[in-house]
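For reference, coords32.txt (compact mmCIF, N, CA and C atoms):
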```
# COMPACT_ATOMS: atom_id res chain seq x y z
N MET W 1 140.53 69.24 146.04
CA MET W 1 139.62 69.63 144.97
C MET W 1 140.46 69.92 143.72
N THR W 2 140.05 69.40 142.59
CA THR W 2 140.81 69.61 141.36
C THR W 2 140.33 70.88 140.67
N ALA W 3 141.07 71.27 139.65
CA ALA W 3 140.73 72.50 138.93
C ALA W 3 139.39 72.37 138.22
N ALA W 4 139.06 71.17 137.77
CA ALA W 4 137.78 70.97 137.08
C ALA W 4 136.61 71.15 138.03
N GLN W 5 136.79 70.82 139.26
CA GLN W 5 135.71 70.95 140.23
C GLN W 5 135.55 72.39 140.70
N GLN W 6 136.56 73.21 140.57
CA GLN W 6 136.50 74.58 141.05
C GLN W 6 135.85 75.53 140.05
N THR W 7 135.77 75.14 138.79
CA THR W 7 135.19 76.04 137.79
C THR W 7 133.69 76.11 137.97
N SER W 8 133.15 77.25 137.63
CA SER W 8 131.71 77.42 137.75
C SER W 8 131.02 76.73 136.57
N PRO W 9 129.78 76.33 136.75
CA PRO W 9 129.07 75.68 135.65
C PRO W 9 128.82 76.67 134.51
N ARG W 10 128.89 76.17 133.30
CA ARG W 10 128.67 77.03 132.14
C ARG W 10 127.18 77.29 131.95
N THR W 11 126.88 78.51 131.61
CA THR W 11 125.50 78.85 131.31
C THR W 11 125.34 78.96 129.80
N ALA W 12 124.23 78.52 129.31
CA ALA W 12 123.97 78.57 127.87
C ALA W 12 123.66 80.00 127.45
N VAL W 13 124.26 80.40 126.36
CA VAL W 13 124.02 81.73 125.82
C VAL W 13 122.83 81.62 124.86
N PRO W 14 121.78 82.38 125.10
CA PRO W 14 120.63 82.27 124.20
C PRO W 14 120.96 82.82 122.82
N ARG W 15 120.51 82.14 121.80
CA ARG W 15 120.75 82.59 120.43
C ARG W 15 119.59 83.43 119.96
N MET W 16 119.93 84.47 119.22
CA MET W 16 118.90 85.33 118.66
C MET W 16 118.55 84.85 117.27
N ALA W 17 117.30 84.86 116.97
CA ALA W 17 116.86 84.53 115.62
C ALA W 17 116.89 85.79 114.78
N VAL W 18 117.63 85.74 113.68
CA VAL W 18 117.73 86.90 112.80
C VAL W 18 116.69 86.75 111.70
N PRO W 19 115.79 87.73 111.54
CA PRO W 19 114.74 87.61 110.53
C PRO W 19 115.32 87.59 109.12
N ALA W 20 114.59 87.00 108.21
CA ALA W 20 115.05 86.86 106.83
C ALA W 20 115.24 88.22 106.17
N TYR W 21 114.39 89.19 106.49
CA TYR W 21 114.54 90.51 105.87
C TYR W 21 115.84 91.17 106.30
N ALA W 22 116.35 90.87 107.47
CA ALA W 22 117.61 91.44 107.91
C ALA W 22 118.77 90.88 107.09
N TRP W 23 118.72 89.58 106.79
CA TRP W 23 119.74 88.99 105.94
C TRP W 23 119.67 89.57 104.53
N ALA W 24 118.45 89.74 104.01
CA ALA W 24 118.29 90.32 102.67
C ALA W 24 118.80 91.75 102.64
N LEU W 25 118.53 92.51 103.67
CA LEU W 25 119.01 93.89 103.74
C LEU W 25 120.53 93.95 103.83
N ALA W 26 121.12 93.03 104.58
CA ALA W 26 122.59 92.98 104.68
C ALA W 26 123.22 92.64 103.33
N LEU W 27 122.63 91.69 102.62
CA LEU W 27 123.14 91.35 101.29
C LEU W 27 123.00 92.51 100.31
N LEU W 28 121.89 93.22 100.39
CA LEU W 28 121.68 94.38 99.53
C LEU W 28 122.70 95.47 99.85
N ALA W 29 122.98 95.68 101.11
CA ALA W 29 123.97 96.68 101.51
C ALA W 29 125.37 96.29 101.03
N LEU W 30 125.71 95.01 101.11
CA LEU W 30 127.01 94.57 100.62
C LEU W 30 127.11 94.73 99.11
N PHE W 31 126.03 94.46 98.39
CA PHE W 31 126.04 94.63 96.94
C PHE W 31 126.17 96.11 96.59
N ALA W 32 125.49 96.98 97.31
CA ALA W 32 125.61 98.42 97.07
C ALA W 32 127.03 98.89 97.37
N LEU W 33 127.63 98.37 98.42
CA LEU W 33 129.01 98.73 98.72
C LEU W 33 129.95 98.26 97.61
N TYR W 34 129.70 97.07 97.07
CA TYR W 34 130.50 96.59 95.94
C TYR W 34 130.35 97.53 94.74
N LEU W 35 129.12 97.92 94.45
CA LEU W 35 128.90 98.80 93.30
C LEU W 35 129.64 100.12 93.45
N VAL W 36 129.59 100.68 94.64
CA VAL W 36 130.24 101.97 94.85
C VAL W 36 131.75 101.82 94.93
N ALA W 37 132.23 100.79 95.61
CA ALA W 37 133.65 100.70 95.88
C ALA W 37 134.47 100.00 94.80
N GLN W 38 133.93 98.98 94.16
CA GLN W 38 134.77 98.14 93.31
C GLN W 38 134.35 98.08 91.85
N ASP W 39 133.09 98.25 91.57
CA ASP W 39 132.63 98.03 90.20
C ASP W 39 133.19 99.10 89.27
N ASN W 40 133.78 98.65 88.19
CA ASN W 40 134.33 99.57 87.20
C ASN W 40 133.63 99.37 85.86
N GLY W 41 132.37 99.07 85.89
CA GLY W 41 131.61 98.91 84.67
C GLY W 41 131.17 97.50 84.40
N ALA W 42 131.60 96.53 85.21
CA ALA W 42 131.21 95.15 84.97
C ALA W 42 129.72 94.95 85.18
N VAL W 43 129.16 95.55 86.20
CA VAL W 43 127.72 95.42 86.48
C VAL W 43 126.96 96.59 85.89
N LEU W 44 127.55 97.77 85.93
CA LEU W 44 126.85 98.98 85.54
C LEU W 44 126.92 99.27 84.04
N ALA W 45 127.61 98.44 83.27
CA ALA W 45 127.76 98.71 81.84
C ALA W 45 126.42 98.71 81.13
N SER W 46 125.53 97.83 81.52
CA SER W 46 124.22 97.77 80.86
C SER W 46 123.29 98.88 81.31
N ALA W 47 123.60 99.53 82.43
CA ALA W 47 122.75 100.60 82.95
C ALA W 47 123.00 101.93 82.25
N GLY W 48 124.10 102.05 81.56
CA GLY W 48 124.39 103.27 80.82
C GLY W 48 125.39 104.15 81.52
N ASP W 49 125.71 105.23 80.85
CA ASP W 49 126.74 106.15 81.35
C ASP W 49 126.28 106.93 82.58
N LEU W 50 125.00 107.21 82.69
CA LEU W 50 124.52 107.99 83.83
C LEU W 50 124.77 107.25 85.14
N ALA W 51 124.46 105.96 85.19
CA ALA W 51 124.69 105.19 86.40
C ALA W 51 126.18 105.08 86.70
N HIS W 52 126.98 104.89 85.64
CA HIS W 52 128.43 104.80 85.85
C HIS W 52 128.98 106.10 86.43
N GLU W 53 128.56 107.22 85.90
CA GLU W 53 129.04 108.51 86.40
C GLU W 53 128.56 108.78 87.82
N PHE W 54 127.34 108.35 88.15
CA PHE W 54 126.82 108.52 89.50
C PHE W 54 127.68 107.76 90.50
N PHE W 55 127.99 106.50 90.20
CA PHE W 55 128.80 105.71 91.12
C PHE W 55 130.26 106.16 91.11
N HIS W 56 130.73 106.66 89.98
CA HIS W 56 132.07 107.20 89.90
C HIS W 56 132.21 108.41 90.82
N ASP W 57 131.24 109.30 90.78
CA ASP W 57 131.26 110.47 91.66
C ASP W 57 131.09 110.06 93.12
N ALA W 58 130.32 109.01 93.38
CA ALA W 58 130.14 108.53 94.75
C ALA W 58 131.46 108.00 95.31
N ARG W 59 132.25 107.33 94.47
CA ARG W 59 133.57 106.87 94.92
C ARG W 59 134.42 108.04 95.36
N HIS W 60 134.43 109.09 94.55
CA HIS W 60 135.25 110.26 94.90
C HIS W 60 134.73 110.95 96.16
N SER W 61 133.43 111.01 96.33
CA SER W 61 132.90 111.68 97.52
C SER W 61 133.17 110.88 98.79
N LEU W 62 133.33 109.56 98.68
CA LEU W 62 133.68 108.73 99.83
C LEU W 62 135.19 108.66 100.06
N GLY W 63 135.95 109.26 99.15
CA GLY W 63 137.39 109.26 99.32
C GLY W 63 138.08 108.01 98.81
N MET W 64 137.39 107.22 97.99
CA MET W 64 137.98 106.00 97.43
C MET W 64 138.60 106.31 96.08
N PRO W 65 139.85 105.95 95.92
CA PRO W 65 140.45 106.16 94.59
C PRO W 65 139.90 105.16 93.59
N CYS W 66 139.61 105.61 92.41
CA CYS W 66 139.06 104.69 91.42
C CYS W 66 139.87 104.69 90.14
N HIS W 67 140.79 105.60 90.01
CA HIS W 67 141.69 105.57 88.84
C HIS W 67 142.95 106.30 89.15
```
Starting from the file, give its structure as structure tokens.
Amino acid sequence: MTAAQQTSPRTAVPRMAVPAYAWALALLALFALYLVAQDNGAVLASAGDLAHEFFHDARHSLGMPCH
């Protein structure tokens, strides 16, 4: 008996269908993470100083250095 004959037959792994709202929520979460972690005014400049200060303080509260 060869090695190929001794292996067990492969079983198909069922795939899960991910709903569209889950993908949208994941993208929104990644965008929010970008705003908090990396944005230094490129996106928030049009929102004004209040939004910039809010995200600036959020960076510090999460322990991320921003300057």
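Nearest-residue note for Phe54 of chain W: choosing from W:Tyr21, W:Cys66, W:Val36, W:Pro9, the minimum distance belongs to W:Val36, counting all atoms listed in the file.
Distances from W:Asp39, W:Leu33, W:Leu27, W:Ala17 to His67 of chain W were compared using only C-alpha atoms, and the smallest one belongs to W:Asp39.
With distances taken over only N, CA and C atoms, W:Gln38 is the one residue among W:Ala26, W:Gln38, W:Arg10, W:Phe31 lying closest to Arg59 of chain W.
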Which residues in chain W does DSSP call alpha helix (DSSP H)? List them as a CSV table (one decimal) with N, CA and C atoms, in the frame of the given file.
```
chain,number,residue,atom,x,y,z
W,3,ALA,N,141.1,71.3,139.6
W,3,ALA,CA,140.7,72.5,138.9
W,3,ALA,C,139.4,72.4,138.2
W,4,ALA,N,139.1,71.2,137.8
W,4,ALA,CA,137.8,71.0,137.1
W,4,ALA,C,136.6,71.2,138.0
W,5,GLN,N,136.8,70.8,139.3
W,5,GLN,CA,135.7,71.0,140.2
W,5,GLN,C,135.6,72.4,140.7
W,6,GLN,N,136.6,73.2,140.6
W,6,GLN,CA,136.5,74.6,141.0
W,6,GLN,C,135.8,75.5,140.0
W,20,ALA,N,114.6,87.0,108.2
W,20,ALA,CA,115.0,86.9,106.8
W,20,ALA,C,115.2,88.2,106.2
W,21,TYR,N,114.4,89.2,106.5
W,21,TYR,CA,114.5,90.5,105.9
W,21,TYR,C,115.8,91.2,106.3
W,22,ALA,N,116.4,90.9,107.5
W,22,ALA,CA,117.6,91.4,107.9
W,22,ALA,C,118.8,90.9,107.1
W,23,TRP,N,118.7,89.6,106.8
W,23,TRP,CA,119.7,89.0,105.9
W,23,TRP,C,119.7,89.6,104.5
W,24,ALA,N,118.4,89.7,104.0
W,24,ALA,CA,118.3,90.3,102.7
W,24,ALA,C,118.8,91.8,102.6
W,25,LEU,N,118.5,92.5,103.7
W,25,LEU,CA,119.0,93.9,103.7
W,25,LEU,C,120.5,94.0,103.8
W,26,ALA,N,121.1,93.0,104.6
W,26,ALA,CA,122.6,93.0,104.7
W,26,ALA,C,123.2,92.6,103.3
W,27,LEU,N,122.6,91.7,102.6
W,27,LEU,CA,123.1,91.4,101.3
W,27,LEU,C,123.0,92.5,100.3
W,28,LEU,N,121.9,93.2,100.4
W,28,LEU,CA,121.7,94.4,99.5
W,28,LEU,C,122.7,95.5,99.8
W,29,ALA,N,123.0,95.7,101.1
W,29,ALA,CA,124.0,96.7,101.5
W,29,ALA,C,125.4,96.3,101.0
W,30,LEU,N,125.7,95.0,101.1
W,30,LEU,CA,127.0,94.6,100.6
W,30,LEU,C,127.1,94.7,99.1
W,31,PHE,N,126.0,94.5,98.4
W,31,PHE,CA,126.0,94.6,96.9
W,31,PHE,C,126.2,96.1,96.6
W,32,ALA,N,125.5,97.0,97.3
W,32,ALA,CA,125.6,98.4,97.1
W,32,ALA,C,127.0,98.9,97.4
W,33,LEU,N,127.6,98.4,98.4
W,33,LEU,CA,129.0,98.7,98.7
W,33,LEU,C,130.0,98.3,97.6
W,34,TYR,N,129.7,97.1,97.1
W,34,TYR,CA,130.5,96.6,95.9
W,34,TYR,C,130.4,97.5,94.7
W,35,LEU,N,129.1,97.9,94.4
W,35,LEU,CA,128.9,98.8,93.3
W,35,LEU,C,129.6,100.1,93.4
W,36,VAL,N,129.6,100.7,94.6
W,36,VAL,CA,130.2,102.0,94.8
W,36,VAL,C,131.8,101.8,94.9
W,37,ALA,N,132.2,100.8,95.6
W,37,ALA,CA,133.6,100.7,95.9
W,37,ALA,C,134.5,100.0,94.8
W,49,ASP,N,125.7,105.2,80.8
W,49,ASP,CA,126.7,106.2,81.4
W,49,ASP,C,126.3,106.9,82.6
W,50,LEU,N,125.0,107.2,82.7
W,50,LEU,CA,124.5,108.0,83.8
W,50,LEU,C,124.8,107.2,85.1
W,51,ALA,N,124.5,106.0,85.2
W,51,ALA,CA,124.7,105.2,86.4
W,51,ALA,C,126.2,105.1,86.7
W,52,HIS,N,127.0,104.9,85.6
W,52,HIS,CA,128.4,104.8,85.8
W,52,HIS,C,129.0,106.1,86.4
W,53,GLU,N,128.6,107.2,85.9
W,53,GLU,CA,129.0,108.5,86.4
W,53,GLU,C,128.6,108.8,87.8
W,54,PHE,N,127.3,108.4,88.2
W,54,PHE,CA,126.8,108.5,89.5
W,54,PHE,C,127.7,107.8,90.5
W,55,PHE,N,128.0,106.5,90.2
W,55,PHE,CA,128.8,105.7,91.1
W,55,PHE,C,130.3,106.2,91.1
W,56,HIS,N,130.7,106.7,90.0
W,56,HIS,CA,132.1,107.2,89.9
W,56,HIS,C,132.2,108.4,90.8
W,57,ASP,N,131.2,109.3,90.8
W,57,ASP,CA,131.3,110.5,91.7
W,57,ASP,C,131.1,110.1,93.1
W,58,ALA,N,130.3,109.0,93.4
W,58,ALA,CA,130.1,108.5,94.8
W,58,ALA,C,131.5,108.0,95.3
W,59,ARG,N,132.2,107.3,94.5
W,59,ARG,CA,133.6,106.9,94.9
W,59,ARG,C,134.4,108.0,95.4
W,60,HIS,N,134.4,109.1,94.6
W,60,HIS,CA,135.2,110.3,94.9
W,60,HIS,C,134.7,111.0,96.2
W,61,SER,N,133.4,111.0,96.3
W,61,SER,CA,132.9,111.7,97.5
W,61,SER,C,133.2,110.9,98.8
```
Can you measure atom CA of Glu53 of chain W to atom CA of Leu25 of chain W for me? One decimal in Å is fine. 24.8 Å
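Atom C of Ala20 of chain W is found 21.1 Å from atom C of Tyr34 of chain W.
Atom N of Gly63 of chain W to atom C of Ala22 of chain W spans 26.4 Å [interatomic distance, one decimal].
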Around segment 40-47 of chain W, fit a box with edges along x, y and z, padding it by 6 Å on each side, then list its centre and edge lengths in Å to one decimal as AutoDock Vina command-line options.
```
--center_x 128.5 --center_y 98.4 --center_z 84.5 --size_x 23.6 --size_y 19.0 --size_z 19.3
```
Skip Leu35 of chain W itself and residues of its chain fewer than 3 positions away, then list as a ChimeraX atom specification all residues within 10 Å of it, counting only C-alpha atoms. /W:29-32,38-44,52,55-56,58-59
